[in-house]
Structure formats: structure tokens, C-alpha cells
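Q: To be precise about what I am sending: the file is called run33.json and holds JSON, C-alpha atoms.
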```json
[["chain", "number", "residue", "atom", "x", "y", "z"],
["A", 1, "MET", "CA", -23.19, -8.91, 38.97],
["A", 2, "GLN", "CA", -22.06, -8.58, 35.40],
["A", 3, "LEU", "CA", -18.76, -7.14, 34.26],
["A", 4, "ILE", "CA", -16.62, -7.08, 31.18],
["A", 5, "SER", "CA", -12.91, -7.86, 31.14],
["A", 6, "VAL", "CA", -10.77, -6.61, 28.25],
["A", 7, "HIS", "CA", -7.20, -7.56, 27.52],
["A", 8, "GLY", "CA", -5.34, -4.72, 25.82],
["A", 9, "ARG", "CA", -3.62, -6.99, 23.31],
["A", 10, "THR", "CA", -5.01, -8.58, 20.16],
["A", 11, "ARG", "CA", -5.12, -12.30, 19.51],
["A", 12, "CYS", "CA", -2.63, -11.86, 16.66],
["A", 13, "GLN", "CA", -0.09, -10.38, 19.07],
["A", 14, "PHE", "CA", -0.22, -13.43, 21.36],
["A", 15, "TYR", "CA", 2.40, -12.60, 24.01],
["A", 16, "ASN", "CA", 4.30, -10.05, 21.92],
["A", 17, "GLY", "CA", 4.15, -6.30, 22.05],
["A", 18, "ASN", "CA", 2.57, -4.16, 24.72],
["A", 19, "ALA", "CA", -1.02, -4.07, 25.86],
["A", 20, "ASP", "CA", -2.80, -1.03, 24.45],
["A", 21, "TRP", "CA", -4.66, 0.31, 27.46],
["A", 22, "ALA", "CA", -5.71, 3.43, 25.53],
["A", 23, "ALA", "CA", -7.64, 1.27, 23.05],
["A", 24, "VAL", "CA", -9.69, -0.09, 25.95],
["A", 25, "ARG", "CA", -10.97, 3.45, 26.59],
["A", 26, "ALA", "CA", -13.34, 2.98, 23.62],
["A", 27, "VAL", "CA", -14.91, 0.03, 25.41],
["A", 28, "ARG", "CA", -15.22, 2.10, 28.61],
["A", 29, "ASP", "CA", -16.97, 4.84, 26.65],
["A", 30, "ALA", "CA", -19.40, 2.36, 25.03],
["A", 31, "ILE", "CA", -20.58, 0.36, 28.04],
["A", 32, "TRP", "CA", -22.06, 0.99, 31.46],
["A", 33, "TYR", "CA", -21.02, -2.37, 32.97],
["A", 34, "PRO", "CA", -18.04, -2.45, 35.32],
["A", 35, "LEU", "CA", -14.89, -2.82, 33.21],
["A", 36, "VAL", "CA", -11.79, -4.78, 34.17],
["A", 37, "ILE", "CA", -8.50, -4.19, 32.34],
["A", 38, "ASN", "CA", -5.88, -6.89, 31.87],
["A", 39, "GLY", "CA", -2.54, -7.07, 30.09],
["A", 40, "ASP", "CA", 0.98, -6.19, 31.20],
["A", 41, "ILE", "CA", -0.06, -5.62, 34.82],
["A", 42, "THR", "CA", 3.22, -6.48, 36.55],
["A", 43, "SER", "CA", 3.43, -3.80, 39.25],
["A", 44, "PHE", "CA", 1.38, -1.31, 41.20],
["A", 45, "GLU", "CA", 2.59, 1.49, 38.95],
["A", 46, "LYS", "CA", 1.45, -0.36, 35.83],
["A", 47, "ALA", "CA", -1.89, -1.15, 37.46],
["A", 48, "VAL", "CA", -2.48, 2.54, 38.16],
["A", 49, "ALA", "CA", -1.37, 3.52, 34.64],
["A", 50, "ALA", "CA", -3.72, 0.93, 33.12],
["A", 51, "LEU", "CA", -6.64, 2.19, 35.21],
["A", 52, "GLU", "CA", -5.98, 5.82, 34.38],
["A", 53, "THR", "CA", -5.36, 5.25, 30.67],
["A", 54, "SER", "CA", -8.30, 2.91, 30.08],
["A", 55, "GLY", "CA", -10.82, 4.35, 32.51],
["A", 56, "ALA", "CA", -11.46, 0.81, 33.77],
["A", 57, "ASP", "CA", -12.95, 0.15, 37.19],
["A", 58, "ALA", "CA", -10.51, -2.61, 38.17],
["A", 59, "VAL", "CA", -7.40, -4.48, 37.07],
["A", 60, "MET", "CA", -6.83, -8.20, 36.67],
["A", 61, "VAL", "CA", -3.35, -9.63, 37.06],
["A", 62, "GLY", "CA", -2.61, -12.64, 34.87],
["A", 63, "ARG", "CA", 0.86, -13.73, 33.77],
["A", 64, "GLY", "CA", 2.33, -10.83, 35.78],
["A", 65, "ALA", "CA", 1.74, -12.93, 38.89],
["A", 66, "GLN", "CA", 3.84, -15.84, 37.65],
["A", 67, "GLY", "CA", 6.73, -16.24, 40.06],
["A", 68, "GLN", "CA", 5.24, -13.63, 42.39],
["A", 69, "PRO", "CA", 1.78, -14.91, 43.40],
["A", 70, "TRP", "CA", 1.55, -12.28, 46.15],
["A", 71, "LEU", "CA", 1.47, -9.44, 43.57],
["A", 72, "PRO", "CA", -2.33, -9.21, 43.08],
["A", 73, "GLY", "CA", -2.83, -8.91, 46.84],
["A", 74, "GLN", "CA", -0.13, -6.26, 47.14],
["A", 75, "ILE", "CA", -1.63, -4.23, 44.31],
["A", 76, "GLY", "CA", -5.11, -4.51, 45.79],
["A", 77, "ARG", "CA", -4.03, -3.53, 49.28],
["A", 78, "ARG", "CA", -2.04, -0.56, 48.00],
["A", 79, "ILE", "CA", -4.94, 0.67, 45.88],
["A", 80, "GLU", "CA", -7.25, 0.38, 48.91],
["A", 81, "THR", "CA", -4.93, 1.76, 51.59],
["A", 82, "GLY", "CA", -2.07, 3.59, 49.88],
["A", 83, "VAL", "CA", 0.38, 1.63, 52.05],
["A", 84, "VAL", "CA", 3.51, 0.40, 50.24],
["A", 85, "GLU", "CA", 4.52, -3.10, 51.31],
["A", 86, "SER", "CA", 8.10, -4.25, 51.19],
["A", 87, "GLY", "CA", 8.70, -7.69, 49.72],
["A", 88, "ARG", "CA", 6.20, -10.51, 49.60],
["A", 89, "ARG", "CA", 3.78, -11.49, 52.30]]
```
Please re-express this file's structure in C-alpha cells.
A:
Amino acid sequence: MQLISVHGRTRCQFYNGNADWAAVRAVRDAIWYPLVINGDITSFEKAVAALETSGADAVMVGRGAQGQPWLPGQIGRRIETGVVESGRR
């Protein structure tokens, strides 16, 4: 399976500024491969906003999981089931 992952921040920004999920929409419109969005995914709400804004098929959690390694699993389970978990697992 092939997919493309796009980080919504430029190299020049490094870790500054906000990821531009809307800019990733142009990639979504240009390709037919599954698209994964990354950048500033630190909560379920941000994951949903990134998916909706970019049109991506999935999210990838990077630095947002530092100090909370359970976050990607929580986001994934909530997207799949709609169940809100309290705390870490």
C-alpha cells in the first residue's frame, strides 16, 4: 500500500508557527493516494479539525505524543468508536 504523509508546516518554520492544514487540501485535490496529515495534532479535537480542513484520510501524531504516549491510541479509538476516554490507559 502506498500513501503520502504531509506535514502542514514548512521546513523554514521548523517548530514555530502553526501547521497550515488548509494548504494540505491542495495535495488532497492533486492525488488519489491515501493522504495522512501531520502537524500540531495534540488532541482529538485537533485531529478532527486537521482531517476536516485538509481532507486527509488519516492523522499522524508526532511531537504531540511526547509526554502522553497514549494519545495516538486514544485519538484512534475515539475516531473509530466515538467513545471518550478519561485519562490515560
Q: Report, in Å with one decimal, the straight-line distance from CA of Ile37 in chain A to CA of Met60 in chain A.
A: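 Value for the CA of Ile37 in chain A-CA of Met60 in chain A distance: 6.1 Å.
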Q: Mind giving me the straight-line distance from CA of Arg25 in chain A to CA of Val61 in chain A in Å, one decimal?
A: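 Result for CA of Arg25 in chain A versus CA of Val61 in chain A: 18.4 Å, one decimal.
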Q: Smallest atom-to-atom distance to Gly17 in chain A: which of A:Leu3, A:Gln66, A:Asp40, A:Glu45, using all atoms listed in the file?
A: A:Asp40
Q: Could the residues of range 19-60 of chain A that have an atom at most 12 Å from range 78-81 of chain A be listed as a Markdown table, each with its closest atom pair and the distance in Å to one decimal, counting all atoms listed in the file and ordered by chain and ascending residue number?
A:
```
| residue | atom | partner | partner_atom | distance |
| --- | --- | --- | --- | --- |
| A:Ser43 | CA | A:Arg78 | CA | 10.8 |
| A:Phe44 | CA | A:Arg78 | CA | 7.6 |
| A:Glu45 | CA | A:Ile79 | CA | 10.3 |
| A:Lys46 | CA | A:Ile79 | CA | 12.0 |
| A:Ala47 | CA | A:Ile79 | CA | 9.1 |
| A:Val48 | CA | A:Ile79 | CA | 8.3 |
| A:Leu51 | CA | A:Ile79 | CA | 10.9 |
| A:Asp57 | CA | A:Ile79 | CA | 11.8 |
| A:Ala58 | CA | A:Ile79 | CA | 10.1 |
| A:Val59 | CA | A:Ile79 | CA | 10.5 |
```
Q: State, in Å with one decimal place, the distance from CA of Thr42 in chain A to CA of Ala26 in chain A.
A: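 Interatomic distance, CA of Thr42 in chain A to CA of Ala26 in chain A: 23.0 Å.
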